[in-house]
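Visitor: My structure is in run_8.pdb, and what it holds is PDB, C-alpha atoms:
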ATOM      1  CA  MET A   1     -13.263  49.632 141.836
ATOM      2  CA  ARG A   2     -15.073  51.606 139.181
ATOM      3  CA  LEU A   3     -16.866  49.553 136.544
ATOM      4  CA  VAL A   4     -17.936  51.137 133.276
ATOM      5  CA  SER A   5     -19.706  50.369 130.046
ATOM      6  CA  TYR A   6     -18.045  51.843 126.981
ATOM      7  CA  GLY A   7     -18.622  52.035 123.252
ATOM      8  CA  ALA A   8     -21.448  53.015 120.932
ATOM      9  CA  MET A   9     -24.966  53.047 122.340
ATOM     10  CA  GLY A  10     -26.497  49.597 122.056
ATOM     11  CA  SER A  11     -23.178  47.803 121.672
ATOM     12  CA  GLU A  12     -21.326  48.719 124.868
ATOM     13  CA  ARG A  13     -18.753  46.475 126.500
ATOM     14  CA  ALA A  14     -17.964  46.198 130.206
ATOM     15  CA  GLY A  15     -14.677  47.309 131.703
ATOM     16  CA  ILE A  16     -12.772  48.473 134.776
ATOM     17  CA  LEU A  17     -11.770  52.129 134.906
ATOM     18  CA  VAL A  18      -8.202  52.464 136.211
ATOM     19  CA  ASP A  19      -6.985  56.059 136.254
ATOM     20  CA  ASP A  20      -7.475  57.234 132.648
ATOM     21  CA  ALA A  21      -7.655  53.774 131.072
ATOM     22  CA  ILE A  22     -10.271  51.052 130.708
ATOM     23  CA  ILE A  23      -9.423  47.364 131.084
ATOM     24  CA  ASP A  24     -11.890  45.187 129.203
ATOM     25  CA  LEU A  25     -13.932  42.586 131.081
ATOM     26  CA  PRO A  26     -14.544  39.169 129.494
ATOM     27  CA  VAL A  27     -18.248  39.846 128.821
ATOM     28  CA  SER A  28     -20.140  42.164 126.511
ATOM     29  CA  ASP A  29     -22.642  43.377 129.101
ATOM     30  CA  MET A  30     -22.309  44.514 132.719
ATOM     31  CA  ARG A  31     -25.432  42.678 133.821
ATOM     32  CA  LEU A  32     -24.048  39.410 132.465
ATOM     33  CA  PHE A  33     -20.862  40.019 134.413
ATOM     34  CA  LEU A  34     -22.724  40.679 137.674
ATOM     35  CA  GLU A  35     -24.779  37.527 137.158
ATOM     36  CA  GLN A  36     -21.633  35.420 137.520
ATOM     37  CA  PRO A  37     -21.451  34.181 141.137
ATOM     38  CA  ASP A  38     -17.718  34.864 141.393
ATOM     39  CA  TRP A  39     -17.705  38.302 139.753
ATOM     40  CA  ARG A  40     -15.905  39.894 142.698
ATOM     41  CA  ARG A  41     -13.079  37.347 142.547
ATOM     42  CA  GLN A  42     -12.846  37.853 138.796
ATOM     43  CA  LEU A  43     -12.490  41.594 139.323
ATOM     44  CA  ASP A  44      -9.673  41.099 141.807
ATOM     45  CA  ARG A  45      -7.882  38.738 139.429
ATOM     46  CA  ILE A  46      -8.218  41.057 136.419
ATOM     47  CA  PHE A  47      -7.165  44.084 138.446
ATOM     48  CA  ALA A  48      -4.112  42.266 139.805
ATOM     49  CA  ALA A  49      -3.023  41.501 136.229
ATOM     50  CA  ARG A  50      -3.752  45.012 134.928
ATOM     51  CA  SER A  51      -0.122  45.795 134.079
ATOM     52  CA  SER A  52      -0.154  43.137 131.366
ATOM     53  CA  ALA A  53      -3.712  43.789 130.143
ATOM     54  CA  LYS A  54      -4.553  45.723 127.012
ATOM     55  CA  ALA A  55      -5.843  49.140 128.065
ATOM     56  CA  ILE A  56      -8.157  51.488 126.190
ATOM     57  CA  GLU A  57      -7.715  55.227 126.608
ATOM     58  CA  ARG A  58     -10.735  56.561 128.463
ATOM     59  CA  LYS A  59     -10.979  59.726 126.385
ATOM     60  CA  SER A  60     -11.100  57.750 123.146
ATOM     61  CA  VAL A  61     -14.469  56.089 123.840
ATOM     62  CA  ARG A  62     -18.007  56.985 124.867
ATOM     63  CA  LEU A  63     -19.106  55.954 128.355
ATOM     64  CA  GLY A  64     -22.544  54.377 128.458
ATOM     65  CA  ALA A  65     -24.885  53.674 131.333
ATOM     66  CA  PRO A  66     -22.856  51.392 133.649
ATOM     67  CA  VAL A  67     -25.660  48.801 133.527
ATOM     68  CA  PRO A  68     -27.258  49.448 130.117
ATOM     69  CA  VAL A  69     -29.940  46.745 130.236
ATOM     70  CA  PRO A  70     -31.062  45.898 133.777
ATOM     71  CA  ARG A  71     -34.115  43.765 134.370
ATOM     72  CA  LYS A  72     -35.634  46.431 136.616
ATOM     73  CA  LEU A  73     -35.254  50.170 137.158
ATOM     74  CA  LEU A  74     -37.109  51.058 140.368
ATOM     75  CA  ILE A  75     -37.605  54.544 141.813
ATOM     76  CA  ALA A  76     -38.246  55.634 145.394
ATOM     77  CA  GLY A  77     -40.591  58.586 144.999
ATOM     78  CA  ALA A  78     -40.835  61.485 147.471
ATOM     79  CA  ASN A  79     -38.159  59.912 149.674
ATOM     80  CA  THR A  80     -36.355  62.920 151.153
ATOM     81  CA  LYS A  81     -37.401  65.240 153.954
ATOM     82  CA  SER A  82     -36.356  68.370 152.078
ATOM     83  CA  HIS A  83     -38.240  67.336 148.916
ATOM     84  CA  LEU A  84     -41.493  66.891 150.842
ATOM     85  CA  ALA A  85     -40.961  70.170 152.678
ATOM     86  CA  ALA A  86     -40.585  71.927 149.317
ATOM     87  CA  ALA A  87     -43.665  70.126 147.963
ATOM     88  CA  GLY A  88     -45.925  71.222 150.817
ATOM     89  CA  PRO A  89     -46.745  74.764 149.615
ATOM     90  CA  VAL A  90     -47.399  73.488 146.074
ATOM     91  CA  LEU A  91     -49.245  70.195 146.574
ATOM     92  CA  LYS A  92     -50.835  70.988 149.989
ATOM     93  CA  ASP A  93     -51.258  68.614 152.919
ATOM     94  CA  VAL A  94     -48.255  66.418 152.122
ATOM     95  CA  ALA A  95     -47.817  63.979 155.007
ATOM     96  CA  PRO A  96     -44.591  62.096 155.816
ATOM     97  CA  PRO A  97     -44.613  58.628 154.223
ATOM     98  CA  ARG A  98     -45.286  55.531 156.306
ATOM     99  CA  GLN A  99     -43.761  53.214 153.706
ATOM    100  CA  PRO A 100     -41.657  53.694 150.558
ATOM    101  CA  MET A 101     -43.454  54.780 147.391
ATOM    102  CA  ILE A 102     -41.881  52.622 144.692
ATOM    103  CA  LEU A 103     -42.292  53.668 141.068
ATOM    104  CA  ALA A 104     -40.590  52.433 137.910
ATOM    105  CA  LYS A 105     -39.041  53.733 134.715
ATOM    106  CA  ALA A 106     -38.603  51.940 131.415
ATOM    107  CA  THR A 107     -35.067  50.562 131.229
ATOM    108  CA  SER A 108     -34.874  52.091 127.732
ATOM    109  CA  SER A 109     -34.757  55.525 129.418
ATOM    110  CA  LEU A 110     -31.170  54.832 130.521
ATOM    111  CA  CYS A 111     -28.340  56.707 128.842
ATOM    112  CA  GLY A 112     -24.700  57.470 129.485
ATOM    113  CA  PRO A 113     -23.196  59.966 131.925
ATOM    114  CA  PHE A 114     -22.306  62.508 129.238
ATOM    115  CA  ASP A 115     -24.916  61.719 126.575
ATOM    116  CA  ASP A 116     -27.331  64.365 125.338
ATOM    117  CA  VAL A 117     -30.797  64.388 126.895
ATOM    118  CA  ILE A 118     -33.608  64.714 124.378
ATOM    119  CA  HIS A 119     -36.312  67.280 125.189
ATOM    120  CA  PRO A 120     -39.516  65.638 123.884
ATOM    121  CA  ARG A 121     -41.801  67.790 121.779
ATOM    122  CA  GLU A 122     -44.757  66.883 124.042
ATOM    123  CA  THR A 123     -43.424  68.547 127.196
ATOM    124  CA  ARG A 124     -42.905  72.077 128.435
ATOM    125  CA  LYS A 125     -41.994  70.913 131.940
ATOM    126  CA  LEU A 126     -38.815  68.840 131.762
ATOM    127  CA  ASP A 127     -37.388  68.315 135.247
ATOM    128  CA  TYR A 128     -34.226  66.861 136.785
ATOM    129  CA  GLU A 129     -33.767  64.886 140.022
ATOM    130  CA  LEU A 130     -30.314  63.995 141.304
ATOM    131  CA  GLU A 131     -30.412  60.651 143.130
ATOM    132  CA  LEU A 132     -28.078  57.960 144.404
ATOM    133  CA  GLY A 133     -28.625  54.722 142.518
ATOM    134  CA  VAL A 134     -27.799  51.355 144.060
ATOM    135  CA  VAL A 135     -27.161  48.271 141.936
ATOM    136  CA  ILE A 136     -27.981  44.752 143.041
ATOM    137  CA  GLY A 137     -24.999  42.382 142.965
ATOM    138  CA  LYS A 138     -26.574  39.140 144.148
ATOM    139  CA  ARG A 139     -29.999  37.611 143.563
ATOM    140  CA  CYS A 140     -32.256  38.063 146.576
ATOM    141  CA  ARG A 141     -35.825  37.651 147.794
ATOM    142  CA  ARG A 142     -37.276  38.575 151.189
ATOM    143  CA  ILE A 143     -34.010  39.704 152.716
ATOM    144  CA  GLY A 144     -33.756  41.681 155.938
ATOM    145  CA  GLU A 145     -32.169  45.105 156.209
ATOM    146  CA  ALA A 146     -29.043  43.637 157.823
ATOM    147  CA  GLU A 147     -28.507  41.460 154.725
ATOM    148  CA  VAL A 148     -28.761  44.232 152.146
ATOM    149  CA  LYS A 149     -25.108  45.287 152.032
ATOM    150  CA  ASP A 150     -24.007  41.754 151.083
ATOM    151  CA  HIS A 151     -26.386  41.824 148.106
ATOM    152  CA  LEU A 152     -25.253  45.110 146.564
ATOM    153  CA  ALA A 153     -22.737  45.644 143.772
ATOM    154  CA  GLY A 154     -22.318  49.376 144.265
ATOM    155  CA  TYR A 155     -23.462  52.923 143.544
ATOM    156  CA  MET A 156     -24.088  55.256 140.606
ATOM    157  CA  VAL A 157     -25.057  58.880 140.111
ATOM    158  CA  VAL A 158     -28.541  59.089 138.573
ATOM    159  CA  ASN A 159     -30.427  62.014 137.051
ATOM    160  CA  GLU A 160     -33.995  60.712 137.267
ATOM    161  CA  MET A 161     -35.790  62.998 134.816
ATOM    162  CA  SER A 162     -39.503  63.589 134.311
ATOM    163  CA  ALA A 163     -41.889  65.378 131.970
ATOM    164  CA  ARG A 164     -44.064  66.829 134.719
ATOM    165  CA  ASP A 165     -46.916  67.878 132.435
ATOM    166  CA  ILE A 166     -47.139  64.295 131.139
ATOM    167  CA  GLN A 167     -46.689  62.734 134.569
ATOM    168  CA  LEU A 168     -49.418  64.896 136.150
ATOM    169  CA  ALA A 169     -51.530  65.547 133.048
ATOM    170  CA  GLU A 170     -54.931  65.272 134.762
ATOM    171  CA  HIS A 171     -53.896  65.641 138.388
ATOM    172  CA  GLU A 172     -55.804  68.860 139.120
ATOM    173  CA  ALA A 173     -59.081  67.555 137.678
ATOM    174  CA  ASN A 174     -58.563  64.017 138.925
ATOM    175  CA  PRO A 175     -55.991  63.597 141.746
ATOM    176  CA  PHE A 176     -56.269  59.828 141.386
ATOM    177  CA  TYR A 177     -54.919  59.948 137.832
ATOM    178  CA  ARG A 178     -51.122  60.145 137.534
ATOM    179  CA  VAL A 179     -49.058  58.910 134.609
ATOM    180  CA  HIS A 180     -45.759  58.440 136.446
ATOM    181  CA  PHE A 181     -44.401  55.642 134.245
ATOM    182  CA  ILE A 182     -44.858  57.382 130.889
ATOM    183  CA  GLY A 183     -43.810  60.775 132.235
ATOM    184  CA  LYS A 184     -40.560  59.275 133.523
ATOM    185  CA  SER A 185     -39.783  56.844 130.703
ATOM    186  CA  TYR A 186     -38.947  58.871 127.603
ATOM    187  CA  ASP A 187     -35.698  57.887 125.945
ATOM    188  CA  THR A 188     -32.654  59.506 127.658
ATOM    189  CA  PHE A 189     -34.649  60.353 130.817
ATOM    190  CA  CYS A 190     -32.204  58.460 133.041
ATOM    191  CA  PRO A 191     -28.550  59.467 132.662
ATOM    192  CA  THR A 192     -26.411  57.293 134.960
ATOM    193  CA  GLY A 193     -22.759  56.824 135.797
ATOM    194  CA  PRO A 194     -20.076  57.756 135.364
ATOM    195  CA  ALA A 195     -19.253  54.305 136.759
ATOM    196  CA  LEU A 196     -20.647  51.577 138.964
ATOM    197  CA  VAL A 197     -18.606  52.256 142.098
ATOM    198  CA  THR A 198     -18.151  49.138 144.219
ATOM    199  CA  LEU A 199     -18.902  49.342 147.926
ATOM    200  CA  ASP A 200     -15.256  49.197 148.991
ATOM    201  CA  GLU A 201     -14.703  52.624 147.393
ATOM    202  CA  VAL A 202     -17.216  54.468 149.609
ATOM    203  CA  GLN A 203     -17.567  54.307 153.391
ATOM    204  CA  TRP A 204     -20.774  52.429 154.211
ATOM    205  CA  GLY A 205     -23.334  54.595 155.985
ATOM    206  CA  LYS A 206     -21.488  57.872 155.451
ATOM    207  CA  PRO A 207     -23.765  60.724 154.311
ATOM    208  CA  LEU A 208     -22.743  61.559 150.744
ATOM    209  CA  ARG A 209     -23.038  65.134 149.549
ATOM    210  CA  MET A 210     -25.287  65.625 146.502
ATOM    211  CA  ARG A 211     -25.187  68.684 144.265
ATOM    212  CA  THR A 212     -26.930  69.676 141.022
ATOM    213  CA  GLU A 213     -26.098  72.655 138.833
ATOM    214  CA  VAL A 214     -28.023  73.904 135.804
ATOM    215  CA  ASN A 215     -25.901  76.170 133.612
ATOM    216  CA  GLY A 216     -23.621  76.712 136.606
ATOM    217  CA  GLN A 217     -26.461  77.685 138.973
ATOM    218  CA  VAL A 218     -26.764  75.470 142.063
ATOM    219  CA  ARG A 219     -30.227  73.906 142.192
ATOM    220  CA  GLN A 220     -29.776  71.009 144.648
ATOM    221  CA  ASP A 221     -27.298  70.804 147.530
ATOM    222  CA  SER A 222     -27.890  68.173 150.205
ATOM    223  CA  ASP A 223     -26.658  64.745 151.272
ATOM    224  CA  THR A 224     -27.975  61.219 151.605
ATOM    225  CA  SER A 225     -28.871  61.658 155.284
ATOM    226  CA  ASP A 226     -31.934  63.493 153.909
ATOM    227  CA  LEU A 227     -33.512  60.167 152.851
ATOM    228  CA  TYR A 228     -36.675  59.125 154.689
ATOM    229  CA  PHE A 229     -35.987  55.469 153.975
ATOM    230  CA  GLY A 230     -32.340  54.491 153.624
ATOM    231  CA  ILE A 231     -30.732  51.999 151.290
ATOM    232  CA  GLU A 232     -31.243  49.035 153.618
ATOM    233  CA  LYS A 233     -34.965  49.736 154.013
ATOM    234  CA  LEU A 234     -35.585  50.357 150.315
ATOM    235  CA  VAL A 235     -33.830  47.225 149.077
ATOM    236  CA  SER A 236     -35.341  45.011 151.768
ATOM    237  CA  TYR A 237     -38.800  46.476 151.114
ATOM    238  CA  CYS A 238     -38.609  45.823 147.361
ATOM    239  CA  SER A 239     -37.328  42.293 147.954
ATOM    240  CA  GLN A 240     -40.438  41.389 149.946
ATOM    241  CA  ALA A 241     -42.515  41.768 146.784
ATOM    242  CA  MET A 242     -40.177  40.665 144.023
ATOM    243  CA  THR A 243     -36.947  38.849 143.317
ATOM    244  CA  LEU A 244     -34.115  41.301 142.771
ATOM    245  CA  PHE A 245     -31.524  40.229 140.222
ATOM    246  CA  PRO A 246     -27.910  41.276 139.653
ATOM    247  CA  GLY A 247     -27.881  44.523 137.719
ATOM    248  CA  ASP A 248     -31.277  45.716 138.949
ATOM    249  CA  ILE A 249     -31.184  49.418 139.835
ATOM    250  CA  ILE A 250     -32.982  51.091 142.741
ATOM    251  CA  VAL A 251     -32.936  54.896 142.716
ATOM    252  CA  THR A 252     -33.201  56.179 146.256
ATOM    253  CA  GLY A 253     -34.658  59.707 146.295
ATOM    254  CA  SER A 254     -33.978  63.329 145.351
ATOM    255  CA  PRO A 255     -33.509  66.339 147.657
ATOM    256  CA  ALA A 256     -35.175  69.737 147.420
ATOM    257  CA  GLY A 257     -34.402  71.965 144.468
ATOM    258  CA  VAL A 258     -36.196  70.311 141.564
ATOM    259  CA  ALA A 259     -37.627  72.635 138.924
ATOM    260  CA  PHE A 260     -41.261  71.757 139.654
ATOM    261  CA  PHE A 261     -41.246  73.288 143.139
ATOM    262  CA  MET A 262     -39.244  76.424 142.288
ATOM    263  CA  ARG A 263     -41.127  79.728 142.139
ATOM    264  CA  PRO A 264     -41.109  80.526 139.322
ATOM    265  CA  PRO A 265     -40.529  76.975 138.048
ATOM    266  CA  GLY A 266     -37.103  76.331 136.557
ATOM    267  CA  PHE A 267     -37.854  73.687 133.957
ATOM    268  CA  LEU A 268     -35.152  72.648 131.518
ATOM    269  CA  LYS A 269     -35.031  73.878 127.954
ATOM    270  CA  PRO A 270     -32.891  72.985 124.940
ATOM    271  CA  GLY A 271     -29.323  74.151 125.421
ATOM    272  CA  ASP A 272     -29.333  73.769 129.201
ATOM    273  CA  ARG A 273     -26.480  71.835 130.767
ATOM    274  CA  VAL A 274     -27.162  69.776 133.899
ATOM    275  CA  ARG A 275     -24.321  68.693 136.168
ATOM    276  CA  CYS A 276     -25.010  66.147 138.925
ATOM    277  CA  GLU A 277     -22.420  65.115 141.504
ATOM    278  CA  ILE A 278     -22.394  62.724 144.457
ATOM    279  CA  GLU A 279     -19.424  62.667 146.798
ATOM    280  CA  GLY A 280     -17.186  59.658 146.215
ATOM    281  CA  VAL A 281     -19.335  58.369 143.356
ATOM    282  CA  GLY A 282     -18.696  60.848 140.587
ATOM    283  CA  VAL A 283     -20.078  63.469 138.217
ATOM    284  CA  ILE A 284     -22.420  63.188 135.262
ATOM    285  CA  GLU A 285     -23.123  66.090 132.926
ATOM    286  CA  ASN A 286     -25.700  66.214 130.159
ATOM    287  CA  THR A 287     -26.831  68.819 127.641
ATOM    288  CA  VAL A 288     -30.514  69.119 126.738
ATOM    289  CA  HIS A 289     -31.333  69.027 123.019
ATOM    290  CA  ALA A 290     -34.668  69.509 121.293
ATOM    291  CA  GLU A 291     -36.155  66.409 119.733
ATOM    292  CA  GLY A 292     -35.425  66.373 116.026
TER     293      GLY A 292
END
Output the file's structure in the form of structure tokens.
Guide:
Amino acid sequence: MRLVSYGAMGSERAGILVDDAIIDLPVSDMRLFLEQPDWRRQLDRIFAARSSAKAIERKSVRLGAPVPVPRKLLIAGANTKSHLAAAGPVLKDVAPPRQPMILAKATSSLCGPFDDVIHPRETRKLDYELELGVVIGKRCRRIGEAEVKDHLAGYMVVNEMSARDIQLAEHEANPFYRVHFIGKSYDTFCPTGPALVTLDEVQWGKPLRMRTEVNGQVRQDSDTSDLYFGIEKLVSYCSQAMTLFPGDIIVTGSPAGVAFFMRPPGFLKPGDRVRCEIEGVGVIENTVHAEG
């Protein structure tokens, strides 16, 4: 099934997307729904009764981030082979990772799949990164890789954006100093959606094609087999350090083609339109606007 959040930003409700209609779920927030131990059975029951349920026309409402207020928004940095290959000529001496590099974004950076992205006045180097996001569906701690699938709710398309000149403000003078969190956490720097796609909708383990276009120009074109560390490894690895709760989001890694490693760089500017697609999961599309 495809689960959505809909309505004005900050007051979204949770629903099931069925064709071109949304069936309301009996909670105001997707995370609260996923926290219910029997949420899967509830979905089946609501879906079975869909013919008698009140439906909302999809086109009549805004879609928000499928999980608007997760407890955690974790990022797997530099987690694709092609991304590191592209980084080599720019950053020099980039070695393959021996363990996942887990970063974080502020959850307030989340926005909807078709919302505008705000170009902050502080940056001249706004970048995009198409990534597959996985959402936790069951509380877990110290789980093995074989247990991960049973603890997931599903997938989302994520555009994990960064202000590179903020993120790497002093990197050349001081390689130790990187401001990843701030550079990745501006409001609207994490468009997600268009829905939370439950695992039964996508074949487990199948490489999913990923494609990004900026103003119609293809920038990224790869698939999820490019990941250094797959979903099972990433979720298990994070769970060794912290409890993962329903609704938590782990963003798994972006392929080659980001603006930072293009020559010349292809950073986003106001008016640009970014389209991100993952096979079987969906499409998100966002227009960049200058901060007012």
Visitor: What's the 7 Å shell around stretch 244-251 of chain A, counting only C-alpha atoms, without same-chain residues fewer than 2 positions away, as a PyMOL selection string?
Guide: chain A and resi 31+34-35+67+70-76+131-141+239+242+253
Visitor: When the PyMOL selection byres ((chain A and resi 258) around 8) is applied to the file above, which residues end up in the set, as a PyMOL selection string?
Guide: chain A and resi 127-129+219-220+255-257+259-262+266
Visitor: How would you write as a list of chain:residue names the residues that get within 6 Å of (-40.7, 48.5, 145.9) in the file's frame, counting only C-alpha atoms?
Guide: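 Output: A:Ile102, A:Tyr237, A:Cys238.
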Visitor: Which distance in Å separates atom CA of A:Asn286 and atom CA of A:Leu103, to one decimal?
Guide: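 Interatomic distance here is 23.5 Å.
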Visitor: Output the residue selection produced by the PyMOL selection byres ((chain A and resi 4) around 9) on the file above, formatted as a list in words.
Guide: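 Matching residues under the PyMOL selection byres ((chain A and resi 4) around 9) are Arg2, Leu3, Ser5, Tyr6, Arg13, Ala14, Gly15, Ile16, Leu17, Ile22, Met30, Leu63, Gly64, Ala65, Pro66, Val67, Gly193, Pro194, Ala195, Leu196 and Val197 of chain A.
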Visitor: Determine, counting all atoms listed in the file, which protein, DNA and RNA residues have an atom within 9 Å of an atom of A:Leu130; residues of the same chain fewer than 6 positions away are not included. Present the result as a VMD selection string.
Guide: chain A and resid 157 to 161 210 to 212 220 253 to 255 258 276 to 278
Visitor: Write out as a count of residues only which residues come within 9 Å of A:Gln99 when counting only C-alpha atoms, dropping same-chain ones fewer than 2 positions away.
Guide: 4
Visitor: Using only C-alpha atoms, which residue out of A:Arg142, A:Gly88, A:Ser11, A:Ala106 lies closest to A:Ala241?
Guide: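 The answer is A:Arg142, which sits nearest to A:Ala241.
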Visitor: Using only C-alpha atoms, can you tell me which of A:Val18, A:Val27, A:Ile166, A:Ala87 comes closest to A:Gln42?
Guide: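 Of the candidates, the smallest distance to A:Gln42 is held by A:Val27.
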Visitor: Here's the selection I'm unsure about, the PyMOL selection byres ((chain A and resi 117) around 12); applied to the file above, which residues does it give, as an mmCIF file with C-alpha atoms, in the coordinates of the input?
Guide:
data_model
loop_
_atom_site.group_PDB
_atom_site.id
_atom_site.type_symbol
_atom_site.label_atom_id
_atom_site.label_comp_id
_atom_site.auth_asym_id
_atom_site.auth_seq_id
_atom_site.Cartn_x
_atom_site.Cartn_y
_atom_site.Cartn_z
ATOM 1 C CA SER A 109 -34.757 55.525 129.418
ATOM 2 C CA LEU A 110 -31.170 54.832 130.521
ATOM 3 C CA CYS A 111 -28.340 56.707 128.842
ATOM 4 C CA GLY A 112 -24.700 57.470 129.485
ATOM 5 C CA PRO A 113 -23.196 59.966 131.925
ATOM 6 C CA PHE A 114 -22.306 62.508 129.238
ATOM 7 C CA ASP A 115 -24.916 61.719 126.575
ATOM 8 C CA ASP A 116 -27.331 64.365 125.338
ATOM 9 C CA ILE A 118 -33.608 64.714 124.378
ATOM 10 C CA HIS A 119 -36.312 67.280 125.189
ATOM 11 C CA PRO A 120 -39.516 65.638 123.884
ATOM 12 C CA LEU A 126 -38.815 68.840 131.762
ATOM 13 C CA ASP A 127 -37.388 68.315 135.247
ATOM 14 C CA TYR A 128 -34.226 66.861 136.785
ATOM 15 C CA ASN A 159 -30.427 62.014 137.051
ATOM 16 C CA GLU A 160 -33.995 60.712 137.267
ATOM 17 C CA MET A 161 -35.790 62.998 134.816
ATOM 18 C CA SER A 162 -39.503 63.589 134.311
ATOM 19 C CA TYR A 186 -38.947 58.871 127.603
ATOM 20 C CA ASP A 187 -35.698 57.887 125.945
ATOM 21 C CA THR A 188 -32.654 59.506 127.658
ATOM 22 C CA PHE A 189 -34.649 60.353 130.817
ATOM 23 C CA CYS A 190 -32.204 58.460 133.041
ATOM 24 C CA PRO A 191 -28.550 59.467 132.662
ATOM 25 C CA THR A 192 -26.411 57.293 134.960
ATOM 26 C CA LEU A 268 -35.152 72.648 131.518
ATOM 27 C CA LYS A 269 -35.031 73.878 127.954
ATOM 28 C CA PRO A 270 -32.891 72.985 124.940
ATOM 29 C CA GLY A 271 -29.323 74.151 125.421
ATOM 30 C CA ASP A 272 -29.333 73.769 129.201
ATOM 31 C CA ARG A 273 -26.480 71.835 130.767
ATOM 32 C CA VAL A 274 -27.162 69.776 133.899
ATOM 33 C CA ILE A 284 -22.420 63.188 135.262
ATOM 34 C CA GLU A 285 -23.123 66.090 132.926
ATOM 35 C CA ASN A 286 -25.700 66.214 130.159
ATOM 36 C CA THR A 287 -26.831 68.819 127.641
ATOM 37 C CA VAL A 288 -30.514 69.119 126.738
ATOM 38 C CA HIS A 289 -31.333 69.027 123.019
ATOM 39 C CA ALA A 290 -34.668 69.509 121.293
ATOM 40 C CA GLU A 291 -36.155 66.409 119.733
ATOM 41 C CA GLY A 292 -35.425 66.373 116.026
#
Visitor: In Å, with one decimal, what is the gap from atom CA of A:Tyr228 to atom CA of A:Ser82?
Guide: 9.6 Å
Visitor: Work out how far apart atom CA of A:Val235 and atom CA of A:Val148 are and give it in Å to one decimal.
Guide: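 Rounded to one decimal, the two atoms are 6.6 Å apart.
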Visitor: Give the answer as one residue: which of A:Ala78, A:Met9, A:Leu25, A:Ala55 has the shortest atom-to-atom distance to A:Ser108, using all atoms listed in the file?
Guide: A:Met9
Visitor: Which of these residues is nearest to A:Ala169, using only C-alpha atoms: A:Val61, A:Val218, A:Ile182, A:Val94?
Guide: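 Of the candidates, the smallest distance to A:Ala169 is held by A:Ile182.
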Visitor: List as a list of chain:residue names the protein and nucleic acid residues near A:Leu208, meaning an atom at most 6 Å away when all atoms listed in the file are counted, but skip any in the same chain fewer than 6 places from it.
Guide: A:Asp223, A:Thr224, A:Glu279
Visitor: I'd like to know which of A:Gln36, A:Ala49, A:Asn79, A:Asn215 is closest to A:Gly230, using all atoms listed in the file.
Guide: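 With all atoms listed in the file as the atom set, the closest residue is A:Asn79.
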Visitor: Nearest to A:Gly10: which of A:Ala48, A:Ile56, A:Val69, A:Leu32 is it, counting all atoms listed in the file?
Guide: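 Selected residue with least distance to A:Gly10: A:Val69.
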